[in-house]
file structure39.txt (compact mmCIF, N, CA and C atoms)
# COMPACT_ATOMS: atom_id res chain seq x y z
N MET A 10 0.22 -19.38 -9.12
CA MET A 10 0.19 -18.04 -9.71
C MET A 10 0.67 -17.02 -8.67
N SER A 11 1.52 -16.13 -9.07
CA SER A 11 2.06 -15.10 -8.19
C SER A 11 1.04 -13.99 -7.98
N ALA A 12 1.10 -13.39 -6.81
CA ALA A 12 0.21 -12.28 -6.49
C ALA A 12 0.68 -11.00 -7.16
N THR A 13 -0.27 -10.26 -7.70
CA THR A 13 0.03 -8.96 -8.29
C THR A 13 -0.02 -7.91 -7.19
N VAL A 14 0.98 -7.04 -7.18
CA VAL A 14 1.05 -5.94 -6.22
C VAL A 14 1.20 -4.65 -7.03
N CYS A 15 0.22 -3.77 -6.88
CA CYS A 15 0.27 -2.47 -7.56
C CYS A 15 1.10 -1.50 -6.72
N VAL A 16 1.96 -0.75 -7.38
CA VAL A 16 2.83 0.20 -6.68
C VAL A 16 2.73 1.55 -7.37
N ALA A 17 2.54 2.58 -6.54
CA ALA A 17 2.49 3.95 -7.07
C ALA A 17 3.21 4.88 -6.11
N SER A 18 3.75 5.95 -6.67
CA SER A 18 4.44 6.95 -5.86
C SER A 18 4.25 8.32 -6.47
N ASP A 19 4.56 9.33 -5.68
CA ASP A 19 4.70 10.66 -6.23
C ASP A 19 6.19 10.88 -6.49
N HIS A 20 6.57 12.12 -6.80
CA HIS A 20 7.97 12.41 -7.11
C HIS A 20 8.91 12.16 -5.93
N ARG A 21 8.43 12.36 -4.70
CA ARG A 21 9.29 12.15 -3.53
C ARG A 21 9.54 10.66 -3.30
N GLY A 22 8.59 9.82 -3.66
CA GLY A 22 8.76 8.39 -3.50
C GLY A 22 9.35 7.69 -4.71
N PHE A 23 9.47 8.43 -5.81
CA PHE A 23 9.93 7.83 -7.07
C PHE A 23 11.29 7.12 -6.96
N PRO A 24 12.31 7.72 -6.35
CA PRO A 24 13.60 7.02 -6.30
C PRO A 24 13.52 5.66 -5.59
N PHE A 25 12.70 5.58 -4.55
CA PHE A 25 12.58 4.33 -3.81
C PHE A 25 11.68 3.32 -4.52
N LYS A 26 10.75 3.79 -5.33
CA LYS A 26 9.81 2.89 -6.00
C LYS A 26 10.53 1.85 -6.85
N ALA A 27 11.61 2.22 -7.51
CA ALA A 27 12.36 1.26 -8.33
C ALA A 27 12.88 0.10 -7.48
N GLN A 28 13.35 0.39 -6.28
CA GLN A 28 13.83 -0.66 -5.38
C GLN A 28 12.68 -1.59 -4.96
N VAL A 29 11.52 -0.99 -4.71
CA VAL A 29 10.34 -1.78 -4.32
C VAL A 29 9.93 -2.71 -5.45
N LEU A 30 9.87 -2.19 -6.66
CA LEU A 30 9.49 -3.01 -7.81
C LEU A 30 10.47 -4.17 -8.00
N ALA A 31 11.76 -3.89 -7.87
CA ALA A 31 12.78 -4.95 -8.02
C ALA A 31 12.64 -5.98 -6.91
N TRP A 32 12.42 -5.53 -5.67
CA TRP A 32 12.27 -6.46 -4.56
C TRP A 32 11.06 -7.37 -4.79
N LEU A 33 9.96 -6.79 -5.22
CA LEU A 33 8.76 -7.59 -5.48
C LEU A 33 9.02 -8.66 -6.53
N GLU A 34 9.64 -8.25 -7.62
CA GLU A 34 9.93 -9.20 -8.70
C GLU A 34 10.88 -10.30 -8.23
N ASN A 35 11.89 -9.92 -7.48
CA ASN A 35 12.87 -10.89 -6.98
C ASN A 35 12.31 -11.84 -5.94
N ASN A 36 11.16 -11.49 -5.37
CA ASN A 36 10.55 -12.31 -4.34
C ASN A 36 9.27 -12.98 -4.80
N GLY A 37 9.11 -13.10 -6.11
CA GLY A 37 8.02 -13.90 -6.65
C GLY A 37 6.69 -13.20 -6.84
N TYR A 38 6.65 -11.90 -6.67
CA TYR A 38 5.42 -11.15 -6.90
C TYR A 38 5.40 -10.60 -8.32
N LEU A 39 4.23 -10.22 -8.78
CA LEU A 39 4.08 -9.56 -10.08
C LEU A 39 3.83 -8.08 -9.82
N PRO A 40 4.87 -7.26 -9.86
CA PRO A 40 4.68 -5.84 -9.60
C PRO A 40 4.00 -5.14 -10.77
N ARG A 41 3.12 -4.22 -10.47
CA ARG A 41 2.45 -3.41 -11.48
C ARG A 41 2.73 -1.96 -11.16
N ASP A 42 3.51 -1.30 -11.98
CA ASP A 42 3.95 0.08 -11.76
C ASP A 42 2.88 1.04 -12.27
N LEU A 43 2.25 1.78 -11.35
CA LEU A 43 1.19 2.73 -11.70
C LEU A 43 1.69 4.16 -11.75
N GLY A 44 3.01 4.35 -11.71
CA GLY A 44 3.58 5.70 -11.82
C GLY A 44 3.88 6.25 -10.43
N THR A 45 4.43 7.38 -10.40
CA THR A 45 4.92 8.25 -11.42
C THR A 45 6.17 7.63 -12.04
N HIS A 46 6.57 8.18 -13.18
CA HIS A 46 7.70 7.60 -13.90
C HIS A 46 8.88 8.56 -14.00
N SER A 47 8.90 9.56 -13.11
CA SER A 47 10.03 10.49 -13.07
C SER A 47 10.02 11.19 -11.71
N ASP A 48 11.07 11.96 -11.46
CA ASP A 48 11.11 12.72 -10.21
C ASP A 48 10.57 14.15 -10.39
N GLU A 49 9.89 14.38 -11.50
CA GLU A 49 9.25 15.68 -11.74
C GLU A 49 8.07 15.82 -10.79
N ARG A 50 7.93 17.01 -10.20
CA ARG A 50 6.89 17.24 -9.21
C ARG A 50 5.51 16.82 -9.73
N CYS A 51 4.79 16.11 -8.88
CA CYS A 51 3.43 15.67 -9.20
C CYS A 51 2.66 15.56 -7.89
N ASP A 52 1.39 15.24 -7.98
CA ASP A 52 0.52 15.20 -6.82
C ASP A 52 0.25 13.76 -6.38
N ALA A 53 0.55 13.46 -5.14
CA ALA A 53 0.31 12.13 -4.59
C ALA A 53 -1.15 11.71 -4.77
N PHE A 54 -2.06 12.66 -4.66
CA PHE A 54 -3.50 12.38 -4.81
C PHE A 54 -3.79 11.59 -6.09
N ASP A 55 -3.18 12.00 -7.19
CA ASP A 55 -3.46 11.37 -8.48
C ASP A 55 -3.05 9.90 -8.50
N PHE A 56 -1.97 9.56 -7.84
CA PHE A 56 -1.47 8.19 -7.88
C PHE A 56 -2.17 7.30 -6.86
N ALA A 57 -2.56 7.87 -5.72
CA ALA A 57 -3.37 7.10 -4.77
C ALA A 57 -4.73 6.79 -5.38
N THR A 58 -5.28 7.74 -6.11
CA THR A 58 -6.56 7.55 -6.79
C THR A 58 -6.44 6.48 -7.87
N ARG A 59 -5.35 6.51 -8.61
CA ARG A 59 -5.12 5.50 -9.65
C ARG A 59 -5.05 4.10 -9.04
N LEU A 60 -4.31 3.98 -7.94
CA LEU A 60 -4.20 2.68 -7.28
C LEU A 60 -5.57 2.23 -6.75
N ALA A 61 -6.33 3.14 -6.18
CA ALA A 61 -7.67 2.78 -5.68
C ALA A 61 -8.54 2.24 -6.81
N GLY A 62 -8.43 2.84 -7.98
CA GLY A 62 -9.19 2.35 -9.14
C GLY A 62 -8.78 0.94 -9.54
N GLU A 63 -7.50 0.67 -9.50
CA GLU A 63 -7.02 -0.68 -9.84
C GLU A 63 -7.52 -1.71 -8.84
N LEU A 64 -7.49 -1.36 -7.55
CA LEU A 64 -7.93 -2.32 -6.54
C LEU A 64 -9.45 -2.47 -6.54
N ARG A 65 -10.17 -1.48 -7.01
CA ARG A 65 -11.62 -1.64 -7.15
C ARG A 65 -11.90 -2.69 -8.23
N ALA A 66 -11.14 -2.63 -9.31
CA ALA A 66 -11.33 -3.57 -10.42
C ALA A 66 -10.76 -4.95 -10.12
N HIS A 67 -9.76 -5.03 -9.24
CA HIS A 67 -9.07 -6.29 -8.94
C HIS A 67 -8.91 -6.40 -7.42
N SER A 68 -9.97 -6.75 -6.73
CA SER A 68 -9.98 -6.71 -5.26
C SER A 68 -9.02 -7.71 -4.62
N GLU A 69 -8.56 -8.69 -5.36
CA GLU A 69 -7.63 -9.67 -4.79
C GLU A 69 -6.20 -9.13 -4.70
N GLN A 70 -5.93 -8.02 -5.36
CA GLN A 70 -4.58 -7.46 -5.37
C GLN A 70 -4.31 -6.63 -4.13
N LYS A 71 -3.05 -6.45 -3.83
CA LYS A 71 -2.60 -5.55 -2.77
C LYS A 71 -1.91 -4.36 -3.43
N GLY A 72 -1.71 -3.31 -2.64
CA GLY A 72 -1.07 -2.12 -3.16
C GLY A 72 -0.03 -1.56 -2.21
N ILE A 73 0.90 -0.82 -2.78
CA ILE A 73 1.92 -0.09 -2.02
C ILE A 73 1.96 1.32 -2.58
N LEU A 74 1.86 2.29 -1.68
CA LEU A 74 1.92 3.70 -2.04
C LEU A 74 3.11 4.34 -1.32
N ILE A 75 3.82 5.22 -2.02
CA ILE A 75 5.01 5.85 -1.45
C ILE A 75 5.00 7.34 -1.78
N CYS A 76 5.10 8.17 -0.75
CA CYS A 76 5.33 9.61 -0.94
C CYS A 76 6.29 10.05 0.15
N GLY A 77 6.53 11.33 0.28
CA GLY A 77 7.53 11.81 1.23
C GLY A 77 7.26 11.37 2.65
N SER A 78 6.11 11.74 3.19
CA SER A 78 5.75 11.37 4.56
C SER A 78 4.84 10.15 4.60
N GLY A 79 4.18 9.85 3.50
CA GLY A 79 3.18 8.80 3.45
C GLY A 79 1.79 9.32 3.77
N GLN A 80 1.70 10.47 4.38
CA GLN A 80 0.41 10.99 4.84
C GLN A 80 -0.55 11.30 3.69
N ALA A 81 -0.08 11.98 2.66
CA ALA A 81 -0.98 12.35 1.55
C ALA A 81 -1.54 11.11 0.87
N MET A 82 -0.69 10.11 0.67
CA MET A 82 -1.14 8.87 0.05
C MET A 82 -2.17 8.16 0.94
N ALA A 83 -1.89 8.05 2.23
CA ALA A 83 -2.80 7.36 3.15
C ALA A 83 -4.14 8.08 3.24
N MET A 84 -4.10 9.39 3.39
CA MET A 84 -5.35 10.14 3.52
C MET A 84 -6.20 10.03 2.26
N THR A 85 -5.57 10.11 1.11
CA THR A 85 -6.31 9.99 -0.14
C THR A 85 -6.86 8.58 -0.33
N ALA A 86 -6.03 7.58 -0.17
CA ALA A 86 -6.46 6.20 -0.40
C ALA A 86 -7.61 5.82 0.51
N ASN A 87 -7.56 6.25 1.76
CA ASN A 87 -8.59 5.87 2.71
C ASN A 87 -9.93 6.58 2.50
N ARG A 88 -10.00 7.45 1.53
CA ARG A 88 -11.29 8.05 1.15
C ARG A 88 -12.15 7.05 0.37
N TYR A 89 -11.52 6.00 -0.13
CA TYR A 89 -12.23 5.01 -0.95
C TYR A 89 -12.71 3.87 -0.06
N GLN A 90 -13.97 3.53 -0.20
CA GLN A 90 -14.61 2.55 0.67
C GLN A 90 -13.92 1.19 0.67
N HIS A 91 -13.39 0.79 -0.45
CA HIS A 91 -12.79 -0.54 -0.56
C HIS A 91 -11.31 -0.57 -0.19
N ILE A 92 -10.75 0.56 0.19
CA ILE A 92 -9.34 0.64 0.54
C ILE A 92 -9.18 0.72 2.06
N ARG A 93 -8.24 -0.07 2.54
CA ARG A 93 -7.83 -0.02 3.94
C ARG A 93 -6.31 0.15 3.92
N ALA A 94 -5.90 1.42 3.89
CA ALA A 94 -4.48 1.75 3.75
C ALA A 94 -3.85 1.98 5.12
N ALA A 95 -2.70 1.35 5.34
CA ALA A 95 -1.99 1.46 6.60
C ALA A 95 -0.63 2.12 6.37
N LEU A 96 -0.42 3.25 7.02
CA LEU A 96 0.86 3.95 6.99
C LEU A 96 1.75 3.30 8.05
N CYS A 97 2.82 2.67 7.61
CA CYS A 97 3.69 1.90 8.52
C CYS A 97 5.14 2.34 8.38
N SER A 98 5.83 2.36 9.51
CA SER A 98 7.26 2.64 9.48
C SER A 98 8.05 1.57 10.22
N GLU A 99 7.35 0.53 10.69
CA GLU A 99 8.02 -0.60 11.32
C GLU A 99 7.16 -1.84 11.13
N THR A 100 7.76 -3.00 11.33
CA THR A 100 7.12 -4.26 10.97
C THR A 100 5.94 -4.64 11.86
N ALA A 101 5.94 -4.24 13.12
CA ALA A 101 4.80 -4.58 13.99
C ALA A 101 3.51 -3.98 13.45
N SER A 102 3.56 -2.73 13.03
CA SER A 102 2.37 -2.10 12.45
C SER A 102 1.97 -2.76 11.14
N ALA A 103 2.94 -3.12 10.34
CA ALA A 103 2.64 -3.78 9.07
C ALA A 103 1.94 -5.12 9.32
N ARG A 104 2.44 -5.88 10.28
CA ARG A 104 1.83 -7.18 10.61
C ARG A 104 0.42 -7.01 11.18
N LEU A 105 0.27 -6.12 12.15
CA LEU A 105 -1.03 -5.93 12.78
C LEU A 105 -2.07 -5.34 11.83
N SER A 106 -1.62 -4.50 10.92
CA SER A 106 -2.57 -3.92 9.95
C SER A 106 -3.18 -5.01 9.08
N ARG A 107 -2.43 -6.04 8.80
CA ARG A 107 -2.95 -7.17 8.02
C ARG A 107 -3.77 -8.11 8.91
N GLU A 108 -3.20 -8.51 10.04
CA GLU A 108 -3.88 -9.48 10.90
C GLU A 108 -5.22 -8.97 11.42
N HIS A 109 -5.25 -7.74 11.90
CA HIS A 109 -6.43 -7.22 12.60
C HIS A 109 -7.35 -6.36 11.75
N ASN A 110 -6.84 -5.78 10.68
CA ASN A 110 -7.64 -4.83 9.90
C ASN A 110 -7.77 -5.20 8.43
N ASP A 111 -7.14 -6.28 8.01
CA ASP A 111 -7.18 -6.71 6.62
C ASP A 111 -6.79 -5.57 5.67
N ALA A 112 -5.75 -4.82 6.07
CA ALA A 112 -5.27 -3.73 5.21
C ALA A 112 -4.91 -4.31 3.85
N ASN A 113 -5.29 -3.58 2.80
CA ASN A 113 -4.95 -4.04 1.45
C ASN A 113 -3.95 -3.12 0.76
N VAL A 114 -3.57 -2.04 1.44
CA VAL A 114 -2.57 -1.11 0.90
C VAL A 114 -1.59 -0.74 2.02
N LEU A 115 -0.32 -0.88 1.72
CA LEU A 115 0.75 -0.44 2.61
C LEU A 115 1.23 0.92 2.12
N VAL A 116 1.31 1.88 3.02
CA VAL A 116 1.80 3.21 2.68
C VAL A 116 3.12 3.45 3.40
N LEU A 117 4.09 3.95 2.64
CA LEU A 117 5.43 4.20 3.17
C LEU A 117 5.83 5.65 2.94
N GLY A 118 6.50 6.23 3.92
CA GLY A 118 7.04 7.57 3.79
C GLY A 118 8.52 7.49 3.45
N ALA A 119 8.85 7.84 2.22
CA ALA A 119 10.24 7.72 1.75
C ALA A 119 11.20 8.61 2.54
N ASP A 120 10.68 9.71 3.11
CA ASP A 120 11.53 10.60 3.91
C ASP A 120 11.57 10.18 5.38
N ILE A 121 10.77 9.19 5.76
CA ILE A 121 10.61 8.80 7.16
C ILE A 121 11.32 7.49 7.48
N VAL A 122 11.18 6.51 6.60
CA VAL A 122 11.68 5.16 6.86
C VAL A 122 12.84 4.85 5.91
N THR A 123 13.84 4.16 6.42
CA THR A 123 14.97 3.79 5.56
C THR A 123 14.51 2.77 4.53
N PRO A 124 15.18 2.68 3.40
CA PRO A 124 14.81 1.66 2.41
C PRO A 124 14.84 0.25 2.99
N GLU A 125 15.83 -0.05 3.82
CA GLU A 125 15.92 -1.37 4.41
C GLU A 125 14.71 -1.68 5.29
N ARG A 126 14.32 -0.73 6.12
CA ARG A 126 13.16 -0.92 6.99
C ARG A 126 11.88 -0.99 6.16
N ALA A 127 11.79 -0.19 5.12
CA ALA A 127 10.61 -0.21 4.25
C ALA A 127 10.44 -1.58 3.60
N LEU A 128 11.54 -2.16 3.13
CA LEU A 128 11.46 -3.49 2.53
C LEU A 128 11.07 -4.55 3.55
N GLU A 129 11.51 -4.40 4.79
CA GLU A 129 11.08 -5.30 5.86
C GLU A 129 9.57 -5.17 6.08
N CYS A 130 9.07 -3.94 6.04
CA CYS A 130 7.63 -3.71 6.20
C CYS A 130 6.86 -4.36 5.05
N ILE A 131 7.37 -4.24 3.85
CA ILE A 131 6.71 -4.84 2.69
C ILE A 131 6.67 -6.36 2.83
N GLU A 132 7.80 -6.95 3.20
CA GLU A 132 7.85 -8.39 3.36
C GLU A 132 6.85 -8.86 4.43
N THR A 133 6.80 -8.15 5.53
CA THR A 133 5.88 -8.49 6.61
C THR A 133 4.44 -8.32 6.17
N PHE A 134 4.13 -7.20 5.55
CA PHE A 134 2.77 -6.90 5.10
C PHE A 134 2.27 -7.96 4.14
N LEU A 135 3.06 -8.26 3.13
CA LEU A 135 2.62 -9.22 2.11
C LEU A 135 2.63 -10.65 2.61
N GLY A 136 3.42 -10.94 3.62
CA GLY A 136 3.51 -12.29 4.14
C GLY A 136 2.56 -12.59 5.29
N THR A 137 1.77 -11.62 5.69
CA THR A 137 0.86 -11.78 6.83
C THR A 137 -0.56 -11.95 6.34
N GLN A 138 -1.25 -12.93 6.92
CA GLN A 138 -2.65 -13.20 6.56
C GLN A 138 -3.59 -12.52 7.56
N PHE A 139 -4.75 -12.14 7.07
CA PHE A 139 -5.83 -11.60 7.90
C PHE A 139 -6.34 -12.71 8.82
N LEU A 140 -6.56 -12.40 10.09
CA LEU A 140 -6.99 -13.40 11.05
C LEU A 140 -8.48 -13.76 10.93
N GLY A 141 -9.27 -12.85 10.37
CA GLY A 141 -10.70 -13.12 10.25
C GLY A 141 -11.36 -13.14 11.62
N GLY A 142 -12.39 -13.99 11.78
CA GLY A 142 -13.08 -14.09 13.07
C GLY A 142 -13.64 -12.75 13.50
N ARG A 143 -13.37 -12.38 14.74
CA ARG A 143 -13.92 -11.12 15.27
C ARG A 143 -13.38 -9.91 14.51
N TYR A 144 -12.22 -10.06 13.91
CA TYR A 144 -11.65 -8.95 13.15
C TYR A 144 -12.40 -8.72 11.84
N ALA A 145 -13.05 -9.75 11.32
CA ALA A 145 -13.85 -9.58 10.10
C ALA A 145 -15.02 -8.63 10.35
N GLU A 146 -15.59 -8.71 11.53
CA GLU A 146 -16.68 -7.79 11.87
C GLU A 146 -16.17 -6.35 11.87
N ARG A 147 -14.98 -6.14 12.43
CA ARG A 147 -14.38 -4.80 12.45
C ARG A 147 -14.16 -4.29 11.03
N ARG A 148 -13.60 -5.15 10.19
CA ARG A 148 -13.36 -4.76 8.80
C ARG A 148 -14.67 -4.42 8.10
N ASP A 149 -15.69 -5.24 8.30
CA ASP A 149 -16.97 -5.01 7.65
C ASP A 149 -17.62 -3.72 8.13
N ARG A 150 -17.51 -3.43 9.42
CA ARG A 150 -18.06 -2.16 9.94
C ARG A 150 -17.33 -0.97 9.34
N LEU A 151 -16.04 -1.09 9.18
CA LEU A 151 -15.25 -0.02 8.56
C LEU A 151 -15.72 0.21 7.13
N THR A 152 -15.91 -0.86 6.39
CA THR A 152 -16.36 -0.75 5.01
C THR A 152 -17.73 -0.08 4.92
N GLN A 153 -18.61 -0.39 5.85
CA GLN A 153 -19.96 0.18 5.85
C GLN A 153 -19.99 1.67 6.10
N LEU A 154 -18.91 2.24 6.60
CA LEU A 154 -18.87 3.68 6.80
C LEU A 154 -19.00 4.44 5.47
N GLY A 155 -18.65 3.79 4.41
CA GLY A 155 -18.80 4.41 3.09
C GLY A 155 -17.54 5.06 2.60
N GLY A 156 -17.70 5.85 1.60
CA GLY A 156 -16.59 6.52 0.94
C GLY A 156 -16.87 6.58 -0.55
N LEU A 157 -15.86 6.91 -1.30
CA LEU A 157 -16.02 7.01 -2.75
C LEU A 157 -16.20 5.65 -3.38
call {"tool": "encode", "arguments": {"input": "structure39.txt", "output": "structure tokens"}}
result
Amino acid sequence: MSATVCVASDHRGFPFKAQVLAWLENNGYLPRDLGTHSDERCDAFDFATRLAGELRAHSEQKGILICGSGQAMAMTANRYQHIRAALCSETASARLSREHNDANVLVLGADIVTPERALECIETFLGTQFLGGRYAERRDRLTQLGGL
């Protein structure tokens, strides 16, 4: 069974989101498009919140959030206790966020990272496993901090 990956963007990330969805499908994932569905101005907060709700209901899934800088999506998503969102612009951060922090959401800044580099980050993020062990304690302590 293929892994489901939820993807959401605001208007600034919308043009790139179509490429992400196609890449996921072409690489054996089941993409789930959570919006936005146009380049009409909207609030990143609403889509990060939507993705957080989906991952609360389906904790085995991963997520990708895209906005202009990535900051609004990351800040909003990380308000939720069950979300560990990593804003990445290169593959080393994408790999380490999975290995050491069990990140479940990759955040990309459409105005910051090229589409080619963003797709490399996605491939690395989704292809990297959490190391567990001592890092599981770190993840659990982070979760205990609370949130929404």
call {"tool": "residues_around", "arguments": {"input": "structure39.txt", "residues": "segment 92-100 of chain A", "least_positions_apart": "4", "cutoff": "5 Å", "atoms": "all atoms listed in the file", "output": "list in words"}}
result
Arg104, Ala112, Asn113, Val114, Leu115, Val116 and Cys130 of chain A
call {"tool": "atom_distance", "arguments": {"input": "structure39.txt", "atom1": "atom CA of Leu157 of chain A", "atom2": "atom N of Gly72 of chain A"}}
result
17.6 Å
call {"tool": "closest_residue", "arguments": {"input": "structure39.txt", "among": "A:Arg59, A:Arg21, A:His91, A:Arg143", "to": "Ala119 of chain A", "atoms": "all atoms listed in the file"}}
result
A:Arg21
call {"tool": "atom_distance", "arguments": {"input": "structure39.txt", "atom1": "atom N of Phe23 of chain A", "atom2": "atom C of Gln138 of chain A"}}
result
28.1 Å
call {"tool": "atom_distance", "arguments": {"input": "structure39.txt", "atom1": "atom CA of Leu140 of chain A", "atom2": "atom CA of Leu154 of chain A"}}
result
21.2 Å
call {"tool": "residues_around", "arguments": {"input": "structure39.txt", "residues": "Pro40 of chain A", "least_positions_apart": "3", "cutoff": "6 Å", "atoms": "only C-alpha atoms", "output": "list in words"}}
result
Thr13, Val14, Cys15 and Leu30 of chain A
call {"tool": "write_last_selection", "arguments": {"input": "structure39.txt", "atoms": "N, CA and C atoms", "output": "tab-separated table (two decimals), in the frame of the given file"}}
result
chain	number	residue	atom	x	y	z
A	13	THR	N	-0.27	-10.26	-7.70
A	13	THR	CA	0.03	-8.96	-8.29
A	13	THR	C	-0.02	-7.91	-7.19
A	14	VAL	N	0.98	-7.04	-7.18
A	14	VAL	CA	1.05	-5.94	-6.22
A	14	VAL	C	1.20	-4.65	-7.03
A	15	CYS	N	0.22	-3.77	-6.88
A	15	CYS	CA	0.27	-2.47	-7.56
A	15	CYS	C	1.10	-1.50	-6.72
A	30	LEU	N	9.87	-2.19	-6.66
A	30	LEU	CA	9.49	-3.01	-7.81
A	30	LEU	C	10.47	-4.17	-8.00
call {"tool": "select_by_dssp", "arguments": {"input": "structure39.txt", "residues": "chain A", "states": "strand (DSSP E)", "output": "list in words"}}
result
Thr13, Val14, Cys15, Val16, Ala17, Ser18, Leu39, Pro40, Arg41, Asp42, Lys71, Gly72, Ile73, Leu74, Ile75, Cys76, Ala94, Ala95, Leu96, Val114, Leu115, Val116, Leu117 and Gly118 of chain A
call {"tool": "decode", "arguments": {"input": "structure39.txt", "residues": "segment 63-87 of chain A", "atoms": "N, CA and C atoms", "output": "PDB file, in the first residue's frame"}}
result
ATOM      1  N   GLU A  63      -6.060  16.803   9.501  1.00  0.00           N
ATOM      2  CA  GLU A  63      -5.948  15.528   8.778  1.00  0.00           C
ATOM      3  C   GLU A  63      -4.933  14.602   9.444  1.00  0.00           C
ATOM      4  N   LEU A  64      -3.800  15.165   9.877  1.00  0.00           N
ATOM      5  CA  LEU A  64      -2.781  14.324  10.501  1.00  0.00           C
ATOM      6  C   LEU A  64      -3.185  13.904  11.911  1.00  0.00           C
ATOM      7  N   ARG A  65      -4.054  14.662  12.556  1.00  0.00           N
ATOM      8  CA  ARG A  65      -4.569  14.223  13.855  1.00  0.00           C
ATOM      9  C   ARG A  65      -5.434  12.972  13.642  1.00  0.00           C
ATOM     10  N   ALA A  66      -6.231  12.983  12.592  1.00  0.00           N
ATOM     11  CA  ALA A  66      -7.119  11.856  12.299  1.00  0.00           C
ATOM     12  C   ALA A  66      -6.372  10.667  11.703  1.00  0.00           C
ATOM     13  N   HIS A  67      -5.247  10.921  11.031  1.00  0.00           N
ATOM     14  CA  HIS A  67      -4.495   9.875  10.333  1.00  0.00           C
ATOM     15  C   HIS A  67      -3.005  10.047  10.658  1.00  0.00           C
ATOM     16  N   SER A  68      -2.596   9.634  11.829  1.00  0.00           N
ATOM     17  CA  SER A  68      -1.239   9.915  12.315  1.00  0.00           C
ATOM     18  C   SER A  68      -0.150   9.227  11.508  1.00  0.00           C
ATOM     19  N   GLU A  69      -0.495   8.233  10.713  1.00  0.00           N
ATOM     20  CA  GLU A  69       0.518   7.543   9.908  1.00  0.00           C
ATOM     21  C   GLU A  69       0.903   8.338   8.659  1.00  0.00           C
ATOM     22  N   GLN A  70       0.128   9.356   8.327  1.00  0.00           N
ATOM     23  CA  GLN A  70       0.390  10.135   7.116  1.00  0.00           C
ATOM     24  C   GLN A  70       1.446  11.198   7.366  1.00  0.00           C
ATOM     25  N   LYS A  71       2.051  11.649   6.294  1.00  0.00           N
ATOM     26  CA  LYS A  71       2.982  12.777   6.312  1.00  0.00           C
ATOM     27  C   LYS A  71       2.312  13.945   5.602  1.00  0.00           C
ATOM     28  N   GLY A  72       2.878  15.132   5.786  1.00  0.00           N
ATOM     29  CA  GLY A  72       2.322  16.314   5.156  1.00  0.00           C
ATOM     30  C   GLY A  72       3.389  17.195   4.549  1.00  0.00           C
ATOM     31  N   ILE A  73       2.971  17.984   3.576  1.00  0.00           N
ATOM     32  CA  ILE A  73       3.820  18.998   2.950  1.00  0.00           C
ATOM     33  C   ILE A  73       3.012  20.285   2.902  1.00  0.00           C
ATOM     34  N   LEU A  74       3.611  21.358   3.402  1.00  0.00           N
ATOM     35  CA  LEU A  74       2.990  22.680   3.390  1.00  0.00           C
ATOM     36  C   LEU A  74       3.866  23.630   2.580  1.00  0.00           C
ATOM     37  N   ILE A  75       3.232  24.489   1.787  1.00  0.00           N
ATOM     38  CA  ILE A  75       3.974  25.412   0.927  1.00  0.00           C
ATOM     39  C   ILE A  75       3.345  26.797   1.012  1.00  0.00           C
ATOM     40  N   CYS A  76       4.158  27.794   1.342  1.00  0.00           N
ATOM     41  CA  CYS A  76       3.739  29.195   1.232  1.00  0.00           C
ATOM     42  C   CYS A  76       4.943  29.984   0.732  1.00  0.00           C
ATOM     43  N   GLY A  77       4.854  31.286   0.697  1.00  0.00           N
ATOM     44  CA  GLY A  77       5.927  32.089   0.119  1.00  0.00           C
ATOM     45  C   GLY A  77       7.272  31.849   0.782  1.00  0.00           C
ATOM     46  N   SER A  78       7.355  32.093   2.080  1.00  0.00           N
ATOM     47  CA  SER A  78       8.607  31.895   2.810  1.00  0.00           C
ATOM     48  C   SER A  78       8.646  30.559   3.538  1.00  0.00           C
ATOM     49  N   GLY A  79       7.493  29.970   3.764  1.00  0.00           N
ATOM     50  CA  GLY A  79       7.382  28.768   4.572  1.00  0.00           C
ATOM     51  C   GLY A  79       7.165  29.072   6.041  1.00  0.00           C
ATOM     52  N   GLN A  80       7.464  30.273   6.450  1.00  0.00           N
ATOM     53  CA  GLN A  80       7.400  30.621   7.873  1.00  0.00           C
ATOM     54  C   GLN A  80       5.984  30.558   8.442  1.00  0.00           C
ATOM     55  N   ALA A  81       5.010  31.134   7.749  1.00  0.00           N
ATOM     56  CA  ALA A  81       3.635  31.144   8.282  1.00  0.00           C
ATOM     57  C   ALA A  81       3.104  29.724   8.443  1.00  0.00           C
ATOM     58  N   MET A  82       3.385  28.880   7.466  1.00  0.00           N
ATOM     59  CA  MET A  82       2.937  27.488   7.550  1.00  0.00           C
ATOM     60  C   MET A  82       3.616  26.771   8.714  1.00  0.00           C
ATOM     61  N   ALA A  83       4.929  26.926   8.851  1.00  0.00           N
ATOM     62  CA  ALA A  83       5.671  26.248   9.919  1.00  0.00           C
ATOM     63  C   ALA A  83       5.213  26.723  11.292  1.00  0.00           C
ATOM     64  N   MET A  84       5.079  28.021  11.461  1.00  0.00           N
ATOM     65  CA  MET A  84       4.675  28.556  12.761  1.00  0.00           C
ATOM     66  C   MET A  84       3.280  28.086  13.153  1.00  0.00           C
ATOM     67  N   THR A  85       2.371  28.075  12.197  1.00  0.00           N
ATOM     68  CA  THR A  85       1.015  27.618  12.478  1.00  0.00           C
ATOM     69  C   THR A  85       0.985  26.125  12.765  1.00  0.00           C
ATOM     70  N   ALA A  86       1.586  25.334  11.918  1.00  0.00           N
ATOM     71  CA  ALA A  86       1.544  23.877  12.085  1.00  0.00           C
ATOM     72  C   ALA A  86       2.143  23.451  13.415  1.00  0.00           C
ATOM     73  N   ASN A  87       3.224  24.093  13.818  1.00  0.00           N
ATOM     74  CA  ASN A  87       3.898  23.692  15.052  1.00  0.00           C
ATOM     75  C   ASN A  87       3.157  24.109  16.319  1.00  0.00           C
TER      76      ASN A  87
END
